[in-house]
Every structure is written in structure tokens, then in C-alpha cells.
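Engineer: Just final05.cif, nothing more (mmCIF, C-alpha atoms):
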data_model
loop_
_atom_site.label_atom_id
_atom_site.label_comp_id
_atom_site.auth_asym_id
_atom_site.auth_seq_id
_atom_site.Cartn_x
_atom_site.Cartn_y
_atom_site.Cartn_z
CA THR A 1 -72.50 -222.07 142.39
CA VAL A 2 -74.66 -222.52 139.30
CA ALA A 3 -76.30 -220.45 136.55
CA VAL A 4 -79.87 -220.89 135.28
CA GLY A 5 -82.25 -219.08 132.94
CA ASP A 6 -83.24 -218.57 129.32
CA GLY A 7 -80.50 -215.99 128.77
CA LEU A 8 -77.93 -218.79 128.82
CA THR A 9 -79.23 -220.17 125.51
CA LEU A 10 -81.15 -217.53 123.54
CA ALA A 11 -81.18 -213.76 123.05
CA THR A 12 -82.02 -211.20 120.34
CA ALA A 13 -79.53 -208.60 119.14
CA GLY A 14 -80.13 -205.27 120.83
CA VAL A 15 -82.65 -206.67 123.34
CA PRO A 16 -81.63 -207.07 127.02
CA ALA A 17 -81.48 -210.70 128.17
CA SER A 18 -80.78 -212.19 131.57
CA PHE A 19 -80.03 -215.28 133.60
CA TRP A 20 -79.42 -216.03 137.27
CA VAL A 21 -76.28 -217.00 139.15
CA ILE A 22 -77.05 -218.82 142.41
CA ALA A 23 -74.08 -218.63 144.79
CA ARG A 24 -73.40 -221.44 147.25
CA ASP A 25 -70.51 -222.36 149.50
CA ARG A 26 -68.76 -225.70 149.11
CA PHE A 27 -71.33 -227.37 151.36
CA GLY A 28 -74.27 -226.19 149.25
CA ASN A 29 -75.38 -223.36 151.54
CA LEU A 30 -76.69 -220.24 149.85
CA GLN A 31 -74.08 -217.48 149.93
CA ASP A 32 -76.20 -214.39 150.57
CA THR A 33 -73.62 -211.95 151.90
CA TYR A 34 -73.08 -210.49 148.39
CA VAL A 35 -69.38 -209.76 148.67
CA GLN A 36 -68.31 -212.11 145.85
CA PHE A 37 -70.02 -210.69 142.79
CA PRO A 38 -69.65 -212.94 139.74
CA ASN A 39 -67.65 -211.78 136.74
CA ILE A 40 -69.37 -212.46 133.42
CA SER A 41 -67.94 -212.23 129.90
CA LEU A 42 -69.53 -213.30 126.62
CA ALA A 43 -67.36 -214.24 123.64
CA CYS A 44 -68.53 -214.76 120.06
CA VAL A 45 -67.20 -217.97 118.48
CA GLU A 46 -69.09 -218.02 115.16
CA SER A 47 -71.10 -215.52 113.12
CA VAL A 48 -71.93 -215.53 109.41
CA GLU A 49 -70.87 -212.42 107.51
CA VAL A 50 -70.08 -211.41 103.94
CA VAL A 51 -66.79 -209.59 103.30
CA GLU A 52 -65.07 -208.17 100.24
CA TRP A 53 -62.78 -210.53 98.34
CA THR A 54 -60.98 -210.88 95.01
CA ARG A 55 -62.65 -213.53 92.80
CA PRO A 56 -65.54 -213.52 93.21
CA ARG A 57 -65.72 -210.02 94.68
CA TRP A 58 -67.03 -211.34 98.02
CA LYS A 59 -66.96 -214.35 100.30
CA LYS A 60 -68.64 -215.62 103.46
CA THR A 61 -66.79 -215.89 106.74
CA THR A 62 -67.74 -217.27 110.15
CA ALA A 63 -64.86 -215.65 112.03
CA CYS A 64 -65.98 -213.61 115.04
CA SER A 65 -64.04 -211.91 117.83
CA HIS A 66 -66.82 -209.88 119.47
CA LEU A 67 -66.52 -209.74 123.28
CA PHE A 68 -68.69 -208.01 125.88
CA ARG A 69 -69.67 -208.29 129.54
CA GLY A 70 -72.76 -209.04 131.57
CA ILE A 71 -73.71 -206.95 134.61
CA PRO A 72 -74.66 -208.76 137.88
CA PHE A 73 -77.24 -207.36 140.29
CA ALA A 74 -77.64 -208.77 143.81
CA ASP A 75 -81.10 -210.13 144.55
CA THR A 76 -82.01 -212.39 147.52
CA ASP A 77 -81.21 -215.92 148.69
CA GLY A 78 -77.75 -215.91 147.11
CA ARG A 79 -79.09 -215.01 143.69
CA TYR A 80 -77.54 -212.56 141.24
CA GLN A 81 -79.45 -211.47 138.17
CA VAL A 82 -77.08 -211.08 135.23
CA VAL A 83 -78.23 -208.70 132.48
CA TYR A 84 -76.54 -208.31 129.11
CA THR A 85 -77.31 -206.78 125.73
CA GLY A 86 -75.51 -208.25 122.75
CA THR A 87 -75.60 -206.48 119.39
CA ARG A 88 -73.75 -209.11 117.34
CA SER A 89 -75.66 -212.21 116.26
CA GLY A 90 -74.02 -215.63 116.33
CA GLN A 91 -72.90 -218.40 118.65
CA PHE A 92 -71.45 -217.34 122.00
CA HIS A 93 -69.75 -218.81 125.04
CA ILE A 94 -70.58 -217.36 128.47
CA ASN A 95 -67.84 -217.38 131.06
CA VAL A 96 -68.98 -216.96 134.68
CA ARG A 97 -66.32 -216.74 137.35
CA VAL A 98 -66.30 -216.05 141.09
CA ASP A 99 -62.98 -214.98 142.61
CA ASP A 100 -61.38 -215.79 139.25
CA ALA A 101 -62.56 -219.43 139.32
CA PRO A 102 -65.22 -220.76 136.90
CA ILE A 103 -68.55 -221.75 138.42
CA PHE A 104 -70.11 -225.15 137.77
CA GLY A 105 -70.77 -225.62 134.02
CA SER A 106 -68.79 -222.55 132.91
CA PRO A 107 -68.11 -221.75 130.15
CA PHE A 108 -71.69 -222.18 128.92
CA GLN A 109 -71.51 -222.92 125.20
CA ASP A 110 -75.10 -222.94 123.96
CA LEU A 111 -75.96 -219.24 123.61
CA THR A 112 -77.40 -218.13 120.27
CA ILE A 113 -77.99 -214.43 119.69
CA VAL A 114 -80.37 -214.05 116.75
CA PRO A 115 -80.58 -210.94 114.53
CA ASN A 116 -83.18 -208.27 115.15
CA ASP A 117 -85.80 -207.16 112.60
CA VAL A 118 -84.80 -206.46 109.00
CA ASP A 119 -83.67 -202.89 108.36
CA ILE A 120 -83.43 -202.52 104.59
CA PRO A 121 -81.80 -199.03 104.57
CA ARG A 122 -79.00 -200.54 106.70
CA SER A 123 -78.49 -203.40 104.25
CA VAL A 124 -75.39 -203.24 102.06
CA ALA A 125 -73.71 -204.31 98.82
CA ILE A 126 -70.26 -205.93 99.11
CA GLY A 127 -67.68 -205.95 96.31
CA ILE A 128 -69.74 -203.74 94.03
CA ASP A 129 -66.87 -201.35 93.26
CA PRO A 130 -64.36 -201.69 91.68
CA ALA A 131 -65.95 -203.83 88.98
CA PHE A 132 -64.26 -205.64 86.11
CA ALA A 133 -65.66 -206.68 82.74
CA ASP A 134 -63.96 -210.06 83.16
CA ASN A 135 -62.18 -211.18 86.31
CA TRP A 136 -61.26 -214.69 85.10
CA TYR A 137 -59.26 -217.13 87.19
CA VAL A 138 -57.72 -220.61 86.98
CA ASN A 139 -59.35 -223.24 89.19
CA SER A 140 -57.69 -226.15 91.00
CA LEU A 141 -58.00 -228.29 87.86
CA GLY A 142 -56.10 -225.79 85.77
CA GLN A 143 -59.23 -224.69 83.93
CA LEU A 144 -59.66 -221.05 82.97
CA ILE A 145 -62.96 -219.81 84.41
CA PRO A 146 -64.45 -216.54 83.11
CA MET A 147 -66.15 -214.32 85.68
CA GLY A 148 -68.27 -211.31 84.87
CA PRO A 149 -68.82 -208.30 87.17
CA ASN A 150 -70.43 -209.46 90.40
CA PHE A 151 -71.19 -208.47 93.98
CA ALA A 152 -73.18 -209.60 97.00
CA ALA A 153 -76.15 -207.88 98.62
CA ALA A 154 -76.60 -208.54 102.34
CA VAL A 155 -79.87 -207.94 104.17
CA ARG A 156 -79.14 -206.63 107.67
CA ASP A 157 -80.83 -205.63 110.89
CA SER A 158 -80.24 -202.20 112.48
CA TYR A 159 -77.12 -203.55 114.25
CA GLY A 160 -75.44 -204.73 111.05
CA ASN A 161 -76.23 -208.44 111.43
CA MET A 162 -77.03 -210.38 108.28
CA ARG A 163 -80.42 -212.07 108.33
CA PRO A 164 -82.95 -213.51 105.84
CA LEU A 165 -86.00 -211.62 104.71
CA VAL A 166 -89.20 -212.81 106.39
CA GLY A 167 -92.28 -213.86 104.44
CA PRO A 168 -93.11 -212.83 100.85
CA SER A 169 -90.64 -210.24 99.58
CA THR A 170 -89.29 -208.73 96.38
CA GLN A 171 -85.73 -208.24 95.20
CA LEU A 172 -84.63 -205.88 92.43
CA PHE A 173 -81.11 -205.63 91.03
CA LEU A 174 -81.25 -203.01 88.25
CA VAL A 175 -78.09 -202.36 86.21
CA GLN A 176 -77.94 -199.55 83.62
CA TRP A 177 -75.18 -198.57 81.21
CA LEU A 178 -75.26 -194.77 81.39
CA CYS A 179 -75.32 -192.73 78.22
CA THR A 180 -73.10 -189.89 79.42
CA ALA A 181 -72.83 -186.56 77.59
CA GLU A 182 -69.42 -187.60 76.24
CA ARG A 183 -70.77 -190.88 74.86
CA GLN A 184 -73.78 -189.16 73.35
CA ALA A 185 -71.57 -186.52 71.69
CA ALA A 186 -69.41 -189.29 70.25
CA GLY A 187 -72.48 -190.96 68.79
CA GLU A 188 -72.08 -194.06 70.95
CA CYS A 189 -75.58 -193.97 72.45
CA SER A 190 -78.84 -192.10 72.69
CA GLN A 191 -80.21 -193.38 76.01
CA ASN A 192 -79.33 -195.44 79.08
CA LEU A 193 -79.38 -199.18 78.43
CA ALA A 194 -80.67 -201.82 80.84
CA ILE A 195 -78.15 -204.62 81.42
CA ASN A 196 -79.20 -208.19 82.15
CA SER A 197 -78.51 -209.32 85.71
CA GLN A 198 -79.13 -212.54 87.58
CA TYR A 199 -78.99 -213.44 91.24
CA VAL A 200 -78.98 -216.40 93.62
CA ASP A 201 -80.71 -216.21 96.99
CA ASN A 202 -78.37 -217.92 99.47
CA LEU A 203 -81.27 -218.16 101.97
CA ASP A 204 -79.19 -216.64 104.76
CA GLY A 205 -79.76 -212.96 104.01
CA SER A 206 -77.16 -212.75 101.23
CA PHE A 207 -77.70 -212.62 97.47
CA ALA A 208 -75.04 -213.35 94.85
CA VAL A 209 -75.49 -210.98 91.91
CA GLU A 210 -73.80 -211.04 88.50
CA TYR A 211 -74.49 -208.84 85.50
CA SER A 212 -73.63 -209.11 81.81
CA ALA A 213 -71.60 -205.97 81.13
CA THR A 214 -68.68 -206.23 78.72
CA VAL A 215 -68.07 -202.57 77.78
CA ALA A 216 -65.99 -200.49 80.19
CA GLY A 217 -67.64 -197.29 81.34
CA LEU A 218 -70.05 -195.79 83.86
CA TYR A 219 -72.94 -197.86 85.17
CA ARG A 220 -75.74 -197.23 87.66
CA ILE A 221 -76.75 -200.13 89.90
CA SER A 222 -79.88 -200.03 92.04
CA VAL A 223 -80.45 -202.63 94.77
CA LEU A 224 -83.90 -202.74 96.36
CA PHE A 225 -85.70 -205.08 98.71
CA ASP A 226 -89.47 -204.65 98.97
CA LEU A 227 -88.99 -201.54 96.75
CA VAL A 228 -86.72 -199.88 99.36
CA HIS A 229 -83.14 -198.95 98.43
CA ILE A 230 -80.33 -200.42 100.50
CA SER A 231 -77.58 -198.18 101.89
CA GLY A 232 -75.77 -196.32 99.09
CA SER A 233 -78.19 -197.37 96.35
CA PRO A 234 -78.25 -196.39 93.53
CA PHE A 235 -74.50 -196.89 93.05
CA LEU A 236 -72.41 -195.26 90.32
CA VAL A 237 -69.87 -197.87 89.26
CA GLN A 238 -66.98 -197.40 86.83
CA LEU A 239 -66.66 -200.75 85.07
CA GLN A 240 -63.00 -201.38 84.30
CA ALA A 241 -61.48 -203.50 81.56
CA GLY A 242 -61.01 -207.12 82.54
CA ARG A 243 -57.77 -208.96 83.22
CA ALA A 244 -55.60 -209.62 80.17
CA PHE A 245 -57.07 -212.77 78.62
CA PRO A 246 -54.44 -215.24 77.30
CA GLY A 247 -56.40 -216.00 74.15
CA LYS A 248 -56.63 -212.30 73.29
CA VAL A 249 -53.03 -211.34 73.99
CA ILE A 250 -50.74 -211.08 70.94
CA ALA A 251 -47.04 -210.48 70.47
CA VAL A 252 -45.77 -208.31 67.61
CA GLY A 253 -42.44 -206.83 66.55
CA PRO A 254 -39.27 -207.71 64.68
CA GLY A 255 -38.08 -210.01 67.44
CA VAL A 256 -41.19 -212.16 66.98
CA GLU A 257 -41.49 -212.06 63.21
CA SER A 258 -37.87 -212.86 62.30
#
Have the structure of the file written as C-alpha cells, please.

Structural biologist:
Amino acid sequence: TVAVGDGLTLATAGVPASFWVIARDRFGNLQDTYVQFPNISLACVESVEVVEWTRPRWKKTTACSHLFRGIPFADTDGRYQVVYTGTRSGQFHINVRVDDAPIFGSPFQDLTIVPNDVDIPRSVAIGIDPAFADNWYVNSLGQLIPMGPNFAAAVRDSYGNMRPLVGPSTQLFLVQWLCTAERQAAGECSQNLAINSQYVDNLDGSFAVEYSATVAGLYRISVLFDLVHISGSPFLVQLQAGRAFPGKVIAVGPGVES
């Protein structure tokens, strides 16, 4: 018993795909009585995703545990058409079994499910809140590395899969320090202030964004692709004071001075 067809190697998230299982007995004769329907399961083994982290505020992961099943339909001449619809993009293994025994070549390990079309309103920002004025850390060499407020923006399809933008596109990461009524009354400001931001396109649908804010307070962050806001944008973010910095920490008191 063997499996053939394009659906063994390539599919698109959210779009039905199929392949054929051709059942034979141990002598090679077509098994067309249709009493031994194949059992098909598809397991994700790798998929790129951005998740919230500590420093920086996000990281990439390839872990994937998505599992779903294909549905067999009896045709003719010992053939079963197997139809499946995967919504998670990534690399998959296809297990095809008859009477709990794998068929020839199973598990099939070459299936790639690619993301569907870009859906900007379903795209997200990861690690945007809470934000810290300085989230410094010590690297493996013992060096103290400063880190300003940062987050990642992930372009997604309508099923939540990360994917790159296609063709010419625009990205806008607008950060504003808000002049609240309390600040204005205290004479701290007269208008909202634009804050410098910079980003790196990781070329996989994710963007690393960092902005130069050092004063704790309320900020508004807008994230747009092709002039369309992503999910939740604009964000109101309360920038918190950074971690205690060794060079700025002092000790005072009689026990220190005498």
C-alpha cells in the first residue's frame, strides 16, 4: 500500500489539500473491498513563531505541537482520496496506517504547509507591554548590556501564521510621549512628543523594534503596515522605570559613613 499526490509535500494554510492512498494486498493486488480504511494523522514538527520573553521582550521559537487528521474517501481500484485542511504553517510529518500498521514510506516527512495571504488587522505586537526604560542584562562575557524599551511586530495571515510581506510595502512604528492633563498642569509639557524609534526587518514576517524613551510615563505606540493598523494598534503603554543600574545605586547612612 502506497501514497501518492501533491498533498504529501505542499499545502496552504486554510486551503483543502489531498493525496491518494492506493491499497494493495501483500502480492500487489489492488484491495478494492474498502473495509480497511486508512488512518491518517498529520503532526507539526517545526514552525517559526515569535513569543513574549524577558530580555529582549520577545524571542523566536520553532517548537510546534499541532496535530490534526486527514479524512479518507473510498474511490475505485483500491484508491482512497485523503483530504485535509491544515491551519498551522510549518513542517509536518504524515502518518498513514492501515489496521494500525504503517504503509510503505510512512511517516512521510516532506510536507510543508505555507501561510495564507497577509492579513494586517490580524498581525500583532509581542512584548510591547510592560515596557521598561532600561532592561539591561549581563551577557556571557560578563559585560553589562543596556537595553531600551523594545518589542516585536509579527505580520500574520488570517490563521495566525507569521509570514513576510509580499512586494513593495511600508512599515510605520510611531511612538509618542503623551502630554497628559496631569503633566500639562505640572508644567512638564505642552504637547505630545514624537520619540525616535528604529526597527530591523528579520525578513520572515517579524520586525524587531526599539525606541529611545528614558522618562517613565504614558506612551502611545502605533504599528502600521501599508498604512493599516495591526491588531490593538494604537497601544497605550505605561513605560516603567528601568532595572536598578549598578552605577547609579548609592549607599548612605551612618553605617556607611563611619

Engineer: Under the rule of at most 6 Å, produce a per-residue listing of segment 181-255 of chain A near segment 147-159 of chain A: chain, number, name, the closest pair of atoms, and the distance in Å, as a Markdown table, using all atoms listed in the file.

Structural biologist:
| residue | atom | partner | partner_atom | distance |
| --- | --- | --- | --- | --- |
| A:Gly205 | CA | A:Val155 | CA | 5.0 |
| A:Ser206 | CA | A:Ala154 | CA | 4.4 |
| A:Phe207 | CA | A:Ala153 | CA | 5.1 |
| A:Ala208 | CA | A:Ala152 | CA | 4.7 |
| A:Val209 | CA | A:Phe151 | CA | 5.4 |
| A:Glu210 | CA | A:Asn150 | CA | 4.2 |
| A:Tyr211 | CA | A:Pro149 | CA | 5.9 |

Engineer: What does the distance between atom CA of Ser233 of chain A and atom CA of Arg183 of chain A come to in Å, to one decimal place?

Structural biologist: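 These two atoms are separated by 23.6 Å.
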
Engineer: Report as a ChimeraX atom specification the residues that result from applying the PyMOL selection byres ((chain A and resi 138-146) around 12) to the structure here.

Structural biologist: /A:55-56,132-137,147-150,212,214,242-247

Engineer: Mind checking which residues fall within 7 Å of Gln91 of chain A, counting only C-alpha atoms, ignoring those fewer than 6 positions away in the same chain, and posting them as a list of chain:residue names?

Structural biologist: A:Cys44, A:Val45, A:Glu46, A:Ser47, A:Leu111, A:Thr112, A:Ile113

Engineer: Mind telling me what the PyMOL selection byres ((chain A and resi 98) around 10) catches here, as a CSV table (one decimal) with C-alpha atoms, in the frame of the given file?

Structural biologist:
chain,number,residue,atom,x,y,z
A,1,THR,CA,-72.5,-222.1,142.4
A,23,ALA,CA,-74.1,-218.6,144.8
A,36,GLN,CA,-68.3,-212.1,145.8
A,37,PHE,CA,-70.0,-210.7,142.8
A,38,PRO,CA,-69.6,-212.9,139.7
A,39,ASN,CA,-67.6,-211.8,136.7
A,40,ILE,CA,-69.4,-212.5,133.4
A,96,VAL,CA,-69.0,-217.0,134.7
A,97,ARG,CA,-66.3,-216.7,137.4
A,99,ASP,CA,-63.0,-215.0,142.6
A,100,ASP,CA,-61.4,-215.8,139.2
A,101,ALA,CA,-62.6,-219.4,139.3
A,102,PRO,CA,-65.2,-220.8,136.9
A,103,ILE,CA,-68.6,-221.8,138.4

Engineer: Excluding segment 173-175 of chain A and residues on its chain fewer than 4 positions from it, collect all residues at most 8 Å away from it, counting only C-alpha atoms, and give them as a list of chain:residue names.

Structural biologist: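 Contacts, in chain order: A:Ala194, A:Ile195, A:Asn196, A:Ser197, A:Gln198, A:Val209, A:Tyr211, A:Tyr219, A:Arg220, A:Ile221, A:Ser222, A:Val223, A:Leu224.
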
Engineer: For each of A:Leu236, A:Leu218, A:Val200, A:Ile22, take the minimum atom-to-atom distance to Phe73 of chain A, counting all atoms listed in the file, then give the residue where this is smallest.

Structural biologist: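 The shortest atom-to-atom distance to Phe73 of chain A comes from A:Ile22.
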
Engineer: To test your reading of the syntax: which residues would the PyMOL selection byres ((chain A and resi 71) around 6) return for the file shown? Reply as a ChimeraX atom specification.

Structural biologist: /A:70,72,82-83

Engineer: Taking all atoms listed in the file into account, which of A:Ala185, A:Leu30, A:Ile94, A:Ala251 comes nearest Leu42 of chain A?

Structural biologist: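 The shortest atom-to-atom distance to Leu42 of chain A comes from A:Ile94.
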
Engineer: Just checking: using all atoms listed in the file, which residue out of A:Val51, A:Leu203, A:Cys189, A:Val21 ends up closest to Trp177 of chain A?

Structural biologist: A:Cys189

Engineer: Within 9 Å of Thr87 of chain A, counting only C-alpha atoms, which residues qualify if same-chain residues fewer than 3 places away don't, as a list in words?

Structural biologist: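 That gives Thr12, Ala13, Gly14, Val15, Ile113, Pro115, Asn116, Tyr159, Gly160 and Asn161 of chain A.
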
Engineer: Record the distance separating atom CA of Ser89 of chain A and atom CA of Asp129 of chain A, expressed in Å with one decimal.

Structural biologist: 26.9 Å

Engineer: How would you write as a count of residues only the residues that get within 7 Å of (-90.7, -208.1, 104.6) in the file's frame, counting all atoms listed in the file?

Structural biologist: 6

Engineer: So, counting only C-alpha atoms, which residue among A:Gly78, A:Pro107, A:Gly127, A:Gly187 is closest to Thr54 of chain A?

Structural biologist: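 Under the stated criterion, the closest residue is A:Gly127.
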
Engineer: Of the candidates A:Ala43, A:Ala181, A:Val48, A:Val114, which one gets nearest to Ala11 of chain A if we count all atoms listed in the file?

Structural biologist: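 Among the listed residues, A:Val114 lies closest to Ala11 of chain A.
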
Engineer: Could you tell me, as a list of chain:residue names, which residues have any atom at most 7 Å from (-76.7, -216.5, 131.7), counting all atoms listed in the file?

Structural biologist: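 It turns out the residues near that spot are A:Ala3, A:Val4, A:Gly5, A:Gly7, A:Leu8, A:Ser18, A:Phe19, A:Trp20, A:Val82, A:Ile94.
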